[in-house]
Amino acid sequence: MLKTINTVGISLALLASAFSFSAMAQDKLTVGVDTAFVPFEFKQGDKYVGFDIDLWNAIAKKMGVEYTLQPMDFSGLIPGLQSRNIDVAMAGITITPVRAQAVDFSDPYYNADLLMAVKSSATGINKFSDLAGKKVGLKQGTAAATYMKAHVKADYVEFPNIDNAYLDLQAGNIDAVVHDSPNVLYYVKTAGDGKIKATGENDSVLPQQYGFALQKNSPYTKRVDEALKALRADGTYNKIYLKWFDKEPK
Ligand code: GLN
């Protein structure tokens, strides 16, 4: 009898340690991150910085999980979640019904729209429809690219990385770049160096919200939402927002 109890005891102990081991192994998340989407994620020296990077770091702390960042092109993020190569994706990802069929989304954490970037000297491009017939840079796989191609007949050039589109705009190879409003505004203010300006503010064509993306039916989605809620309540979200956008969220 004693022997039986002992055997049960040992196998329970084994089971428990196997369990905690797998829980630990599981709680090291691989987080896919876009290589360049100012000011949400971008490389400064050899480190990734930005609003998403800070917010995710605070979320992971609240959840008590470790993670490693895996930089990749934007268009690889959702496939990466579907093939289970990454656990989470952050890239100021627009929550859309089509994407929500393939992946889980956290609660929304940022509101955006689209804007155009044009040369500072450019006139005559004020509305998105003014881009008809123009040469326009877009970023592969983005909500902006899908929207523009469906709504305005222009000559589109698609880039894996929007920074290269902005450089082509400054070089005069294209007439405009269309991308998410916070990205256009931040780029114009920083690397744009007075050579390009934002336009289209009065033409709200694609109001949208960003979320963190996770594998479909991920056990972490609810925990991310709980952490996000707690960070909104304790002022951390506002602090991070203020740091990157110089104003409080609306
Ligand atoms: N918000 C855009 C989208 O999800 C793209 C953001 C980005 O370029 N990282 O389509």
# chains A, B, ... in the order shown; residues from 1 in each chain; ligands from 1
call {"tool": "closest_atom_pairs", "arguments": {"of": "chain A", "to": "ligand 1", "cutoff": "10 Å", "atoms": "only C-alpha atoms and all ligand atoms", "output": "CSV"}}
result
residue,atom,partner,partner_atom_place_in_ligand_line,distance
A:Val33,CA,ligand 1,9 (N),8.5
A:Asp34,CA,ligand 1,9 (N),5.8
A:Thr35,CA,ligand 1,9 (N),8.3
A:Ala36,CA,ligand 1,9 (N),7.1
A:Phe37,CA,ligand 1,9 (N),5.1
A:Val38,CA,ligand 1,9 (N),8.5
A:Phe40,CA,ligand 1,9 (N),8.1
A:Glu41,CA,ligand 1,9 (N),8.2
A:Asp73,CA,ligand 1,9 (N),8.6
A:Phe74,CA,ligand 1,9 (N),5.8
A:Ser75,CA,ligand 1,10 (O),8.8
A:Leu77,CA,ligand 1,9 (N),9.7
A:Met90,CA,ligand 1,9 (N),7.9
A:Ala91,CA,ligand 1,9 (N),4.2
A:Gly92,CA,ligand 1,6 (C),4.9
A:Ile93,CA,ligand 1,4 (O),3.6
A:Thr94,CA,ligand 1,4 (O),3.7
A:Ile95,CA,ligand 1,4 (O),7.0
A:Thr96,CA,ligand 1,4 (O),8.4
A:Arg99,CA,ligand 1,4 (O),9.3
A:Asn111,CA,ligand 1,1 (N),9.9
A:Ala112,CA,ligand 1,1 (N),8.1
A:Asp113,CA,ligand 1,1 (N),8.8
A:Leu114,CA,ligand 1,1 (N),9.1
A:Leu138,CA,ligand 1,8 (O),9.4
A:Lys139,CA,ligand 1,8 (O),6.6
A:Gln140,CA,ligand 1,8 (O),8.4
A:Gly141,CA,ligand 1,10 (O),6.4
A:Thr142,CA,ligand 1,10 (O),3.2
A:Ala143,CA,ligand 1,10 (O),3.6
A:Ala144,CA,ligand 1,10 (O),6.0
A:Ala145,CA,ligand 1,10 (O),7.6
A:Thr146,CA,ligand 1,10 (O),8.3
A:Tyr147,CA,ligand 1,10 (O),9.6
A:Pro160,CA,ligand 1,8 (O),9.0
A:Asn161,CA,ligand 1,8 (O),7.7
A:Ile162,CA,ligand 1,8 (O),7.1
A:Asp163,CA,ligand 1,8 (O),9.9
A:His179,CA,ligand 1,8 (O),7.3
A:Asp180,CA,ligand 1,1 (N),6.1
A:Ser181,CA,ligand 1,1 (N),9.3
A:Pro182,CA,ligand 1,1 (N),9.7
A:Asn183,CA,ligand 1,8 (O),8.1
A:Gln208,CA,ligand 1,1 (N),8.0
A:Gln209,CA,ligand 1,1 (N),8.0
A:Tyr210,CA,ligand 1,1 (N),6.6
A:Gly211,CA,ligand 1,4 (O),8.8
call {"tool": "select_by_dssp", "arguments": {"residues": "range 149-223 of chain A", "states": "strand (DSSP E)", "output": "list in words"}}
result
Asp155, Tyr156, Val157, Glu158, Phe159, Ala176, Val177, Val178, His179, Asp180, Ile196, Lys197, Ala198, Thr199, Gln208, Gln209, Tyr210, Gly211, Phe212, Ala213, Leu214 and Gln215 of chain A
call {"tool": "residues_around", "arguments": {"residues": "Leu115 in chain A", "least_positions_apart": "2", "cutoff": "12 Å", "atoms": "only C-alpha atoms", "output": "MDAnalysis selection string"}}
result
chainID A and resid 112:113 117:118 125:128 131 138 144 148 176:188 197:207
call {"tool": "write_last_selection", "arguments": {"atoms": "C-alpha atoms", "output": "mmCIF file, in the first residue's frame"}}
result
data_model
loop_
_atom_site.group_PDB
_atom_site.id
_atom_site.type_symbol
_atom_site.label_atom_id
_atom_site.label_comp_id
_atom_site.auth_asym_id
_atom_site.auth_seq_id
_atom_site.Cartn_x
_atom_site.Cartn_y
_atom_site.Cartn_z
ATOM 1 C CA ALA A 112 -5.274 56.090 -37.050
ATOM 2 C CA ASP A 113 -6.267 57.024 -40.593
ATOM 3 C CA ALA A 117 3.265 62.543 -48.193
ATOM 4 C CA VAL A 118 4.291 64.746 -51.107
ATOM 5 C CA ILE A 125 -2.606 67.042 -54.201
ATOM 6 C CA ASN A 126 -5.028 67.662 -51.334
ATOM 7 C CA LYS A 127 -7.492 64.800 -51.561
ATOM 8 C CA PHE A 128 -6.728 61.124 -52.142
ATOM 9 C CA LEU A 131 -3.609 60.899 -56.886
ATOM 10 C CA LEU A 138 2.680 52.031 -50.930
ATOM 11 C CA ALA A 144 -3.381 51.404 -47.045
ATOM 12 C CA MET A 148 -5.791 52.673 -52.430
ATOM 13 C CA ALA A 176 3.388 60.673 -53.362
ATOM 14 C CA VAL A 177 3.453 58.071 -50.599
ATOM 15 C CA VAL A 178 0.263 56.898 -48.898
ATOM 16 C CA HIS A 179 0.569 55.360 -45.464
ATOM 17 C CA ASP A 180 -0.874 55.443 -41.947
ATOM 18 C CA SER A 181 -1.346 58.970 -40.560
ATOM 19 C CA PRO A 182 0.924 58.737 -37.498
ATOM 20 C CA ASN A 183 3.734 57.285 -39.636
ATOM 21 C CA VAL A 184 3.495 60.010 -42.302
ATOM 22 C CA LEU A 185 3.374 62.767 -39.661
ATOM 23 C CA TYR A 186 6.332 61.387 -37.719
ATOM 24 C CA TYR A 187 8.456 60.775 -40.818
ATOM 25 C CA VAL A 188 7.764 64.263 -42.191
ATOM 26 C CA LYS A 197 5.015 67.438 -46.262
ATOM 27 C CA ALA A 198 1.859 65.647 -45.160
ATOM 28 C CA THR A 199 -1.444 66.279 -46.898
ATOM 29 C CA GLY A 200 -4.984 64.895 -46.927
ATOM 30 C CA GLU A 201 -5.851 65.709 -43.291
ATOM 31 C CA ASN A 202 -9.373 66.775 -44.257
ATOM 32 C CA ASP A 203 -10.049 63.607 -46.202
ATOM 33 C CA SER A 204 -10.612 60.824 -43.653
ATOM 34 C CA VAL A 205 -10.700 57.810 -45.997
ATOM 35 C CA LEU A 206 -9.807 54.862 -43.760
ATOM 36 C CA PRO A 207 -10.368 55.372 -40.024
#
call {"tool": "closest_residue", "arguments": {"among": "A:Lys189, A:Val224, A:Ile78, A:Pro71", "to": "Asp46 in chain A", "atoms": "only C-alpha atoms"}}
result
A:Pro71
call {"tool": "residues_around", "arguments": {"residues": "Leu55 in chain A", "least_positions_apart": "4", "cutoff": "10 Å", "atoms": "only C-alpha atoms", "output": "short mmCIF file (atom, residue, chain, number, x, y, z; two decimals) with N, CA and C atoms, in the first residue's frame"}}
result
data_model
loop_
_atom_site.label_atom_id
_atom_site.label_comp_id
_atom_site.auth_asym_id
_atom_site.auth_seq_id
_atom_site.Cartn_x
_atom_site.Cartn_y
_atom_site.Cartn_z
N PHE A 40 6.30 53.56 -34.14
CA PHE A 40 5.80 52.40 -33.40
C PHE A 40 6.89 51.35 -33.17
N GLY A 50 10.24 52.38 -29.86
CA GLY A 50 8.98 52.89 -30.40
C GLY A 50 7.82 52.65 -29.45
N PHE A 51 6.69 53.20 -29.83
CA PHE A 51 5.48 53.11 -29.01
C PHE A 51 5.08 51.64 -28.77
N ILE A 59 3.25 45.33 -21.29
CA ILE A 59 2.25 44.25 -21.29
C ILE A 59 2.90 42.93 -20.85
N ALA A 60 4.07 42.63 -21.42
CA ALA A 60 4.76 41.37 -21.10
C ALA A 60 5.11 41.32 -19.61
N LYS A 61 5.52 42.48 -19.07
CA LYS A 61 5.85 42.54 -17.64
C LYS A 61 4.64 42.23 -16.80
N TYR A 109 -5.61 49.54 -29.49
CA TYR A 109 -4.80 50.41 -28.61
C TYR A 109 -4.39 51.72 -29.26
N LEU A 228 -3.38 45.16 -20.92
CA LEU A 228 -3.63 46.44 -21.57
C LEU A 228 -4.60 47.29 -20.74
N LEU A 231 -2.84 48.66 -17.75
CA LEU A 231 -1.90 49.72 -18.09
C LEU A 231 -2.61 51.02 -18.43
N THR A 236 0.16 54.01 -17.21
CA THR A 236 1.34 53.64 -18.02
C THR A 236 1.08 53.87 -19.51
N TYR A 237 -0.11 53.50 -19.97
CA TYR A 237 -0.44 53.69 -21.39
C TYR A 237 -0.30 55.17 -21.77
N LYS A 239 1.44 57.48 -20.33
CA LYS A 239 2.84 57.92 -20.24
C LYS A 239 3.59 57.55 -21.52
N ILE A 240 3.35 56.32 -21.99
CA ILE A 240 4.04 55.86 -23.21
C ILE A 240 3.53 56.65 -24.42
N TYR A 241 2.23 56.92 -24.45
CA TYR A 241 1.64 57.69 -25.55
C TYR A 241 2.26 59.09 -25.61
#
call {"tool": "closest_residue", "arguments": {"among": "A:Val65, A:Ala122, A:Ala213, A:Ala150", "to": "Gln170 in chain A", "atoms": "only C-alpha atoms"}}
result
A:Ala122
call {"tool": "atom_distance", "arguments": {"atom1": "CA of Lys28 in chain A", "atom2": "CA of Asn238 in chain A"}}
result
26.8 Å
call {"tool": "select_by_dssp", "arguments": {"residues": "range 128-233 of chain A", "states": "alpha helix (DSSP H)", "output": "PyMOL selection string"}}
result
chain A and resi 143-151+162-170+181-189+221-233
call {"tool": "write_last_selection", "arguments": {"atoms": "C-alpha atoms", "output": "mmCIF file, in the first residue's frame"}}
result
data_model
loop_
_atom_site.group_PDB
_atom_site.id
_atom_site.type_symbol
_atom_site.label_atom_id
_atom_site.label_comp_id
_atom_site.auth_asym_id
_atom_site.auth_seq_id
_atom_site.Cartn_x
_atom_site.Cartn_y
_atom_site.Cartn_z
ATOM 1 C CA ALA A 143 -4.441 48.192 -45.266
ATOM 2 C CA ALA A 144 -3.381 51.404 -47.045
ATOM 3 C CA ALA A 145 -2.256 49.445 -50.109
ATOM 4 C CA THR A 146 -5.476 47.412 -50.275
ATOM 5 C CA TYR A 147 -7.618 50.526 -49.875
ATOM 6 C CA MET A 148 -5.791 52.673 -52.430
ATOM 7 C CA LYS A 149 -5.644 50.016 -55.141
ATOM 8 C CA ALA A 150 -9.387 49.478 -54.784
ATOM 9 C CA HIS A 151 -10.345 53.167 -54.784
ATOM 10 C CA ILE A 162 7.930 52.366 -46.420
ATOM 11 C CA ASP A 163 11.175 54.233 -45.610
ATOM 12 C CA ASN A 164 12.387 53.375 -49.114
ATOM 13 C CA ALA A 165 9.208 54.868 -50.557
ATOM 14 C CA TYR A 166 9.852 58.132 -48.682
ATOM 15 C CA LEU A 167 13.423 58.191 -50.022
ATOM 16 C CA ASP A 168 12.120 57.671 -53.582
ATOM 17 C CA LEU A 169 9.687 60.536 -53.006
ATOM 18 C CA GLN A 170 12.504 62.834 -51.901
ATOM 19 C CA SER A 181 -1.346 58.970 -40.560
ATOM 20 C CA PRO A 182 0.924 58.737 -37.498
ATOM 21 C CA ASN A 183 3.734 57.285 -39.636
ATOM 22 C CA VAL A 184 3.495 60.010 -42.302
ATOM 23 C CA LEU A 185 3.374 62.767 -39.661
ATOM 24 C CA TYR A 186 6.332 61.387 -37.719
ATOM 25 C CA TYR A 187 8.456 60.775 -40.818
ATOM 26 C CA VAL A 188 7.764 64.263 -42.191
ATOM 27 C CA LYS A 189 8.719 65.780 -38.823
ATOM 28 C CA THR A 221 -5.071 36.958 -26.123
ATOM 29 C CA LYS A 222 -7.170 37.414 -22.989
ATOM 30 C CA ARG A 223 -4.079 38.000 -20.866
ATOM 31 C CA VAL A 224 -2.845 40.680 -23.284
ATOM 32 C CA ASP A 225 -6.221 42.421 -23.026
ATOM 33 C CA GLU A 226 -6.182 42.256 -19.225
ATOM 34 C CA ALA A 227 -2.664 43.690 -19.134
ATOM 35 C CA LEU A 228 -3.632 46.443 -21.572
ATOM 36 C CA LYS A 229 -6.628 47.338 -19.406
ATOM 37 C CA ALA A 230 -4.453 47.511 -16.299
ATOM 38 C CA LEU A 231 -1.896 49.725 -18.085
ATOM 39 C CA ARG A 232 -4.637 52.113 -19.183
ATOM 40 C CA ALA A 233 -5.955 52.248 -15.614
#
call {"tool": "closest_residue", "arguments": {"among": "A:Gly45, A:Pro219, A:Asn57, A:Asp175", "to": "Thr123 in chain A", "atoms": "only C-alpha atoms"}}
result
A:Asp175
call {"tool": "atom_distance", "arguments": {"atom1": "CA of Phe212 in chain A", "atom2": "CA of Leu29 in chain A"}}
result
13.4 Å
call {"tool": "closest_residue", "arguments": {"among": "A:Ala89, A:Gln82, A:Gln215, A:Pro39", "to": "Trp56 in chain A", "atoms": "only C-alpha atoms"}}
result
A:Ala89
call {"tool": "closest_residue", "arguments": {"among": "A:Ala154, A:Pro108, A:Ala58, A:Lys43", "to": "Asp130 in chain A", "atoms": "only C-alpha atoms"}}
result
A:Ala154
call {"tool": "atom_distance", "arguments": {"atom1": "CA of Ala100 in chain A", "atom2": "CA of Asn217 in chain A"}}
result
10.8 Å
call {"tool": "closest_residue", "arguments": {"among": "A:Phe42, A:Asp155, A:Lys243, A:Lys119", "to": "Ile196 in chain A", "atoms": "only C-alpha atoms"}}
result
A:Lys119
